[in-house]
Amino acid sequence: MRLLTAVLAGLLAATAGCAPTPAALAPVETRTPITFSQLLAQPRAAADRRIAYGPEALLFGELWIPHGQGRHPVIVLIHGGCWRADLPGLELMDYMAANLRQRGYAVWNLEYRRIGHPGGGYPGTFQDISAGLDHLRALAPEYRLDLDRVLVSGHSAGGHLALWAAARDRLPTGSPLRTNSPLLLRGVVSLAGIADLEAYRRTGPDACGGPSTIDGLVGLPEPGGRDVFADTSPPVMLPLGDRQVVISGALDPIVPARFGQAYAAAAAARGDPARSLVLDGAGHFELIDPTSAVWPQVVDAFAGLLS
């Protein structure tokens, strides 16, 4: 009997040794997708510095400085909120900024003028993003920022602005948004970004206020007038020439994943190194919540572009 038991045990061990190792599955959210109010109800850390990048009151960024010696890779964050002044601002990004600081990244979290602020909309909102990004050159010596390793990431409306920032060297001649020598980027991570303004205006949900919000951002199309999307909507400016990771939540009701997937496919078709990543179980705000199950996949996207 003991011999039979030993033989069976040996067979089971051999079978287990030959069995293929199951593929590791990414964690999936099991809770109901959160709202921005629930996100902001959580305690949050503070940035190390608040620094103006221009003369207007809203032209500032918050710098999160990691510990450690040497030069720090930089992640620029651009908050969402439908480009609107009546919705929360850069505080939405504080949670991920604190987490990224702990991981050794310097974070430059930008505020900017939005629809409803004096000077917000076209061209001010876009000019603010440009000025904020390029101000990193002034900050780099004092705060040991590695300008050879800078990526930009934005959420929702900020995801649109992050992709737009990568297209600044593609802006049409004569555009008031064009600047000389825009800061070079290692890549872009768009988090639930409204990448295609025209498509979102035409078929997007009304969560951001419908077509009137897009009109408030870029202006009204008029027969014989300027093309309002020519220097504002990233698909029109493809190829961007930068690596792009377009991350969407499968359960996102504000920016459904189809928008990110369509943009990434269009960018790849034009030769850009762009890919779409749809995270199961995630809604809109899980992508900027470090306590969510999908957060490690967002961090992996950052690390892949900055490695």
# chains A, B, ... in the order shown; residues from 1 in each chain; ligands from 1

$ select_by_dssp --residues "stretch 138-188 of chain A" --states "strand (DSSP E)" --output "PyMOL selection string"
chain A and resi 145-155+187-188

$ write_last_selection --atoms "N, CA and C atoms" --output "PDB file, in the first residue's frame"
ATOM      1  N   LEU A 145      16.014  68.214 -12.566  1.00  0.00           N
ATOM      2  CA  LEU A 145      15.073  67.554 -13.464  1.00  0.00           C
ATOM      3  C   LEU A 145      15.807  67.077 -14.716  1.00  0.00           C
ATOM      4  N   ASP A 146      15.542  65.869 -15.122  1.00  0.00           N
ATOM      5  CA  ASP A 146      16.171  65.297 -16.300  1.00  0.00           C
ATOM      6  C   ASP A 146      15.298  65.597 -17.521  1.00  0.00           C
ATOM      7  N   LEU A 147      15.661  66.612 -18.278  1.00  0.00           N
ATOM      8  CA  LEU A 147      14.855  67.019 -19.421  1.00  0.00           C
ATOM      9  C   LEU A 147      14.991  66.084 -20.616  1.00  0.00           C
ATOM     10  N   ASP A 148      15.874  65.089 -20.505  1.00  0.00           N
ATOM     11  CA  ASP A 148      15.930  64.057 -21.535  1.00  0.00           C
ATOM     12  C   ASP A 148      14.911  62.951 -21.275  1.00  0.00           C
ATOM     13  N   ARG A 149      14.271  63.006 -20.110  1.00  0.00           N
ATOM     14  CA  ARG A 149      13.258  62.002 -19.754  1.00  0.00           C
ATOM     15  C   ARG A 149      12.024  62.709 -19.204  1.00  0.00           C
ATOM     16  N   VAL A 150      11.266  63.282 -20.119  1.00  0.00           N
ATOM     17  CA  VAL A 150      10.024  63.977 -19.768  1.00  0.00           C
ATOM     18  C   VAL A 150       8.889  63.337 -20.562  1.00  0.00           C
ATOM     19  N   LEU A 151       7.836  62.947 -19.868  1.00  0.00           N
ATOM     20  CA  LEU A 151       6.630  62.548 -20.575  1.00  0.00           C
ATOM     21  C   LEU A 151       5.470  63.372 -20.039  1.00  0.00           C
ATOM     22  N   VAL A 152       4.426  63.461 -20.828  1.00  0.00           N
ATOM     23  CA  VAL A 152       3.243  64.208 -20.425  1.00  0.00           C
ATOM     24  C   VAL A 152       2.065  63.251 -20.393  1.00  0.00           C
ATOM     25  N   SER A 153       1.264  63.399 -19.354  1.00  0.00           N
ATOM     26  CA  SER A 153       0.075  62.573 -19.200  1.00  0.00           C
ATOM     27  C   SER A 153      -1.079  63.455 -18.759  1.00  0.00           C
ATOM     28  N   GLY A 154      -2.241  63.188 -19.303  1.00  0.00           N
ATOM     29  CA  GLY A 154      -3.424  63.940 -18.920  1.00  0.00           C
ATOM     30  C   GLY A 154      -4.618  63.024 -18.811  1.00  0.00           C
ATOM     31  N   HIS A 155      -5.602  63.495 -18.063  1.00  0.00           N
ATOM     32  CA  HIS A 155      -6.815  62.711 -17.826  1.00  0.00           C
ATOM     33  C   HIS A 155      -8.019  63.425 -18.426  1.00  0.00           C
ATOM     34  N   GLY A 187       7.305  60.773 -24.593  1.00  0.00           N
ATOM     35  CA  GLY A 187       6.069  60.117 -24.975  1.00  0.00           C
ATOM     36  C   GLY A 187       4.879  60.714 -24.245  1.00  0.00           C
ATOM     37  N   VAL A 188       3.718  60.147 -24.516  1.00  0.00           N
ATOM     38  CA  VAL A 188       2.460  60.630 -23.956  1.00  0.00           C
ATOM     39  C   VAL A 188       1.657  59.436 -23.450  1.00  0.00           C
TER      40      VAL A 188
END

$ select_by_dssp --residues "stretch 134-239 of chain A" --states "helix (DSSP H, G or I)" --output "ChimeraX atom specification"
/A:134,136-143,157-166,168-170,197-203,206-208,211-218,234-237

$ residues_around --residues "stretch 131-136 of chain A" --least-positions-apart "5" --cutoff "7 Å" --atoms "only C-alpha atoms" --output "number ranges by chain"
A: 53, 110, 182-183

$ residues_around --residues "A:Gly68" --least-positions-apart "3" --cutoff "12 Å" --atoms "only C-alpha atoms" --output "list in words"
Ile65, Arg71, His72, Pro73, Arg101, Gln102, Arg103, Gly104, Tyr105, Ala106, Tyr143, Arg144 and Leu145 of chain A

$ atom_distance --atom1 "atom CA of A:Val74" --atom2 "atom CA of A:Trp108"
7.2 Å

$ atom_distance --atom1 "atom CA of A:Arg50" --atom2 "atom CA of A:Gln244"
28.3 Å

$ atom_distance --atom1 "atom CA of A:Leu90" --atom2 "atom CA of A:Gly61"
8.6 Å

$ closest_atom_pairs --of "stretch 82-191 of chain A" --to "stretch 214-237 of chain A" --cutoff "10 Å" --atoms "only C-alpha atoms" --output "Markdown table"
| residue | atom | partner | partner_atom | distance |
| --- | --- | --- | --- | --- |
| A:Cys82 | CA | A:Ile214 | CA | 8.9 |
| A:Trp83 | CA | A:Leu217 | CA | 7.2 |
| A:Arg84 | CA | A:Leu217 | CA | 8.8 |
| A:Arg114 | CA | A:Leu217 | CA | 8.0 |
| A:Ile115 | CA | A:Gly216 | CA | 6.4 |
| A:Gly116 | CA | A:Gly216 | CA | 8.8 |
| A:Gly120 | CA | A:Leu217 | CA | 7.8 |
| A:Gly121 | CA | A:Leu217 | CA | 4.3 |
| A:Tyr122 | CA | A:Val218 | CA | 5.2 |
| A:Pro123 | CA | A:Val218 | CA | 7.7 |
| A:Gly124 | CA | A:Leu217 | CA | 9.5 |
| A:Thr125 | CA | A:Leu217 | CA | 8.0 |
| A:Phe126 | CA | A:Thr232 | CA | 8.1 |
| A:His160 | CA | A:Pro234 | CA | 7.5 |
| A:Leu161 | CA | A:Thr232 | CA | 8.7 |
| A:Ala162 | CA | A:Pro234 | CA | 9.5 |
| A:Leu163 | CA | A:Pro234 | CA | 6.3 |
| A:Trp164 | CA | A:Pro234 | CA | 5.4 |
| A:Ala165 | CA | A:Pro234 | CA | 9.0 |
| A:Ala166 | CA | A:Pro234 | CA | 8.7 |
| A:Ala167 | CA | A:Met237 | CA | 6.6 |
| A:Arg168 | CA | A:Asp231 | CA | 8.7 |
| A:Asp169 | CA | A:Met237 | CA | 9.7 |
| A:Arg170 | CA | A:Met237 | CA | 6.4 |
| A:Leu171 | CA | A:Asp231 | CA | 5.8 |
| A:Pro172 | CA | A:Asp231 | CA | 6.7 |
| A:Thr173 | CA | A:Asp231 | CA | 9.8 |
| A:Ser175 | CA | A:Asp231 | CA | 7.0 |
| A:Pro176 | CA | A:Asp231 | CA | 9.1 |
| A:Leu177 | CA | A:Asp231 | CA | 7.5 |
| A:Arg178 | CA | A:Asp231 | CA | 8.8 |

$ residues_around --residues "stretch 257-263 of chain A" --least-positions-apart "5" --cutoff "7 Å" --atoms "only C-alpha atoms" --output "list in words"
Gly193, Ala195, Asp196, Pro235, Val246, Ser248, Gly249, Ala250, Asp252, Ser276 and Val278 of chain A

$ residues_around --residues "stretch 291-306 of chain A" --least-positions-apart "3" --cutoff "8 Å" --atoms "only C-alpha atoms" --output "list of chain:residue names"
A:Ala26, A:Pro27, A:Val28, A:Glu29, A:Pro73, A:Arg149, A:Val150, A:Leu151, A:Arg186, A:Gly187, A:Val189, A:Arg243, A:Val245, A:Ile247, A:Leu279, A:Ala282, A:Glu286, A:Leu287, A:Ile288

$ decode --residues "stretch 65-86 of chain A" --atoms "N, CA, C and O atoms" --output "PDB file, in the first residue's frame"
ATOM      1  N   ILE A  65       8.598  66.655  -5.674  1.00  0.00           N
ATOM      2  CA  ILE A  65      10.023  66.362  -5.816  1.00  0.00           C
ATOM      3  C   ILE A  65      10.355  65.075  -5.063  1.00  0.00           C
ATOM      4  O   ILE A  65      10.149  64.992  -3.841  1.00  0.00           O
ATOM      5  N   PRO A  66      10.878  64.076  -5.734  1.00  0.00           N
ATOM      6  CA  PRO A  66      11.208  62.820  -5.049  1.00  0.00           C
ATOM      7  C   PRO A  66      12.500  62.937  -4.257  1.00  0.00           C
ATOM      8  O   PRO A  66      13.304  63.840  -4.463  1.00  0.00           O
ATOM      9  N   HIS A  67      12.679  62.007  -3.333  1.00  0.00           N
ATOM     10  CA  HIS A  67      13.953  61.909  -2.627  1.00  0.00           C
ATOM     11  C   HIS A  67      14.975  61.250  -3.549  1.00  0.00           C
ATOM     12  O   HIS A  67      14.639  60.662  -4.571  1.00  0.00           O
ATOM     13  N   GLY A  68      16.235  61.348  -3.182  1.00  0.00           N
ATOM     14  CA  GLY A  68      17.271  60.681  -3.953  1.00  0.00           C
ATOM     15  C   GLY A  68      18.162  61.657  -4.677  1.00  0.00           C
ATOM     16  O   GLY A  68      17.800  62.812  -4.936  1.00  0.00           O
ATOM     17  N   GLN A  69      19.336  61.157  -5.011  1.00  0.00           N
ATOM     18  CA  GLN A  69      20.323  61.958  -5.707  1.00  0.00           C
ATOM     19  C   GLN A  69      20.141  61.822  -7.213  1.00  0.00           C
ATOM     20  O   GLN A  69      19.342  61.032  -7.712  1.00  0.00           O
ATOM     21  N   GLY A  70      20.906  62.607  -7.944  1.00  0.00           N
ATOM     22  CA  GLY A  70      20.855  62.529  -9.400  1.00  0.00           C
ATOM     23  C   GLY A  70      19.689  63.306  -9.975  1.00  0.00           C
ATOM     24  O   GLY A  70      18.915  63.956  -9.262  1.00  0.00           O
ATOM     25  N   ARG A  71      19.578  63.239 -11.283  1.00  0.00           N
ATOM     26  CA  ARG A  71      18.507  63.951 -11.966  1.00  0.00           C
ATOM     27  C   ARG A  71      17.258  63.079 -12.027  1.00  0.00           C
ATOM     28  O   ARG A  71      17.326  61.883 -12.249  1.00  0.00           O
ATOM     29  N   HIS A  72      16.105  63.722 -11.864  1.00  0.00           N
ATOM     30  CA  HIS A  72      14.852  63.000 -11.768  1.00  0.00           C
ATOM     31  C   HIS A  72      14.121  62.990 -13.116  1.00  0.00           C
ATOM     32  O   HIS A  72      13.965  64.045 -13.758  1.00  0.00           O
ATOM     33  N   PRO A  73      13.630  61.840 -13.563  1.00  0.00           N
ATOM     34  CA  PRO A  73      12.712  61.835 -14.706  1.00  0.00           C
ATOM     35  C   PRO A  73      11.434  62.590 -14.330  1.00  0.00           C
ATOM     36  O   PRO A  73      11.051  62.634 -13.153  1.00  0.00           O
ATOM     37  N   VAL A  74      10.786  63.181 -15.311  1.00  0.00           N
ATOM     38  CA  VAL A  74       9.667  64.086 -15.053  1.00  0.00           C
ATOM     39  C   VAL A  74       8.397  63.577 -15.724  1.00  0.00           C
ATOM     40  O   VAL A  74       8.411  63.217 -16.911  1.00  0.00           O
ATOM     41  N   ILE A  75       7.312  63.585 -14.972  1.00  0.00           N
ATOM     42  CA  ILE A  75       5.981  63.326 -15.527  1.00  0.00           C
ATOM     43  C   ILE A  75       5.167  64.608 -15.371  1.00  0.00           C
ATOM     44  O   ILE A  75       4.959  65.089 -14.254  1.00  0.00           O
ATOM     45  N   VAL A  76       4.749  65.176 -16.487  1.00  0.00           N
ATOM     46  CA  VAL A  76       3.884  66.354 -16.481  1.00  0.00           C
ATOM     47  C   VAL A  76       2.442  65.870 -16.473  1.00  0.00           C
ATOM     48  O   VAL A  76       2.056  65.039 -17.303  1.00  0.00           O
ATOM     49  N   LEU A  77       1.654  66.373 -15.525  1.00  0.00           N
ATOM     50  CA  LEU A  77       0.250  65.985 -15.431  1.00  0.00           C
ATOM     51  C   LEU A  77      -0.644  67.158 -15.823  1.00  0.00           C
ATOM     52  O   LEU A  77      -0.403  68.304 -15.425  1.00  0.00           O
ATOM     53  N   ILE A  78      -1.680  66.837 -16.605  1.00  0.00           N
ATOM     54  CA  ILE A  78      -2.669  67.834 -17.023  1.00  0.00           C
ATOM     55  C   ILE A  78      -4.046  67.306 -16.624  1.00  0.00           C
ATOM     56  O   ILE A  78      -4.485  66.263 -17.121  1.00  0.00           O
ATOM     57  N   HIS A  79      -4.695  68.019 -15.738  1.00  0.00           N
ATOM     58  CA  HIS A  79      -5.975  67.545 -15.212  1.00  0.00           C
ATOM     59  C   HIS A  79      -7.099  67.714 -16.234  1.00  0.00           C
ATOM     60  O   HIS A  79      -6.997  68.482 -17.189  1.00  0.00           O
ATOM     61  N   GLY A  80      -8.181  66.993 -15.971  1.00  0.00           N
ATOM     62  CA  GLY A  80      -9.373  67.113 -16.810  1.00  0.00           C
ATOM     63  C   GLY A  80     -10.397  68.045 -16.188  1.00  0.00           C
ATOM     64  O   GLY A  80     -10.059  69.059 -15.596  1.00  0.00           O
ATOM     65  N   GLY A  81     -11.664  67.654 -16.309  1.00  0.00           N
ATOM     66  CA  GLY A  81     -12.741  68.532 -15.863  1.00  0.00           C
ATOM     67  C   GLY A  81     -13.412  69.223 -17.028  1.00  0.00           C
ATOM     68  O   GLY A  81     -13.952  70.322 -16.886  1.00  0.00           O
ATOM     69  N   CYS A  82     -13.396  68.565 -18.206  1.00  0.00           N
ATOM     70  CA  CYS A  82     -14.146  69.054 -19.376  1.00  0.00           C
ATOM     71  C   CYS A  82     -13.704  70.435 -19.841  1.00  0.00           C
ATOM     72  O   CYS A  82     -14.484  71.155 -20.461  1.00  0.00           O
ATOM     73  N   TRP A  83     -12.466  70.804 -19.525  1.00  0.00           N
ATOM     74  CA  TRP A  83     -11.926  72.125 -19.884  1.00  0.00           C
ATOM     75  C   TRP A  83     -12.720  73.264 -19.237  1.00  0.00           C
ATOM     76  O   TRP A  83     -12.580  74.413 -19.625  1.00  0.00           O
ATOM     77  N   ARG A  84     -13.517  72.970 -18.217  1.00  0.00           N
ATOM     78  CA  ARG A  84     -14.468  73.948 -17.674  1.00  0.00           C
ATOM     79  C   ARG A  84     -14.035  74.480 -16.318  1.00  0.00           C
ATOM     80  O   ARG A  84     -13.571  73.736 -15.454  1.00  0.00           O
ATOM     81  N   ALA A  85     -14.261  75.781 -16.109  1.00  0.00           N
ATOM     82  CA  ALA A  85     -13.862  76.435 -14.870  1.00  0.00           C
ATOM     83  C   ALA A  85     -14.732  76.028 -13.687  1.00  0.00           C
ATOM     84  O   ALA A  85     -14.316  76.180 -12.533  1.00  0.00           O
ATOM     85  N   ASP A  86     -15.934  75.510 -13.940  1.00  0.00           N
ATOM     86  CA  ASP A  86     -16.855  75.184 -12.851  1.00  0.00           C
ATOM     87  C   ASP A  86     -16.635  73.784 -12.292  1.00  0.00           C
ATOM     88  O   ASP A  86     -17.366  73.352 -11.393  1.00  0.00           O
TER      89      ASP A  86
END
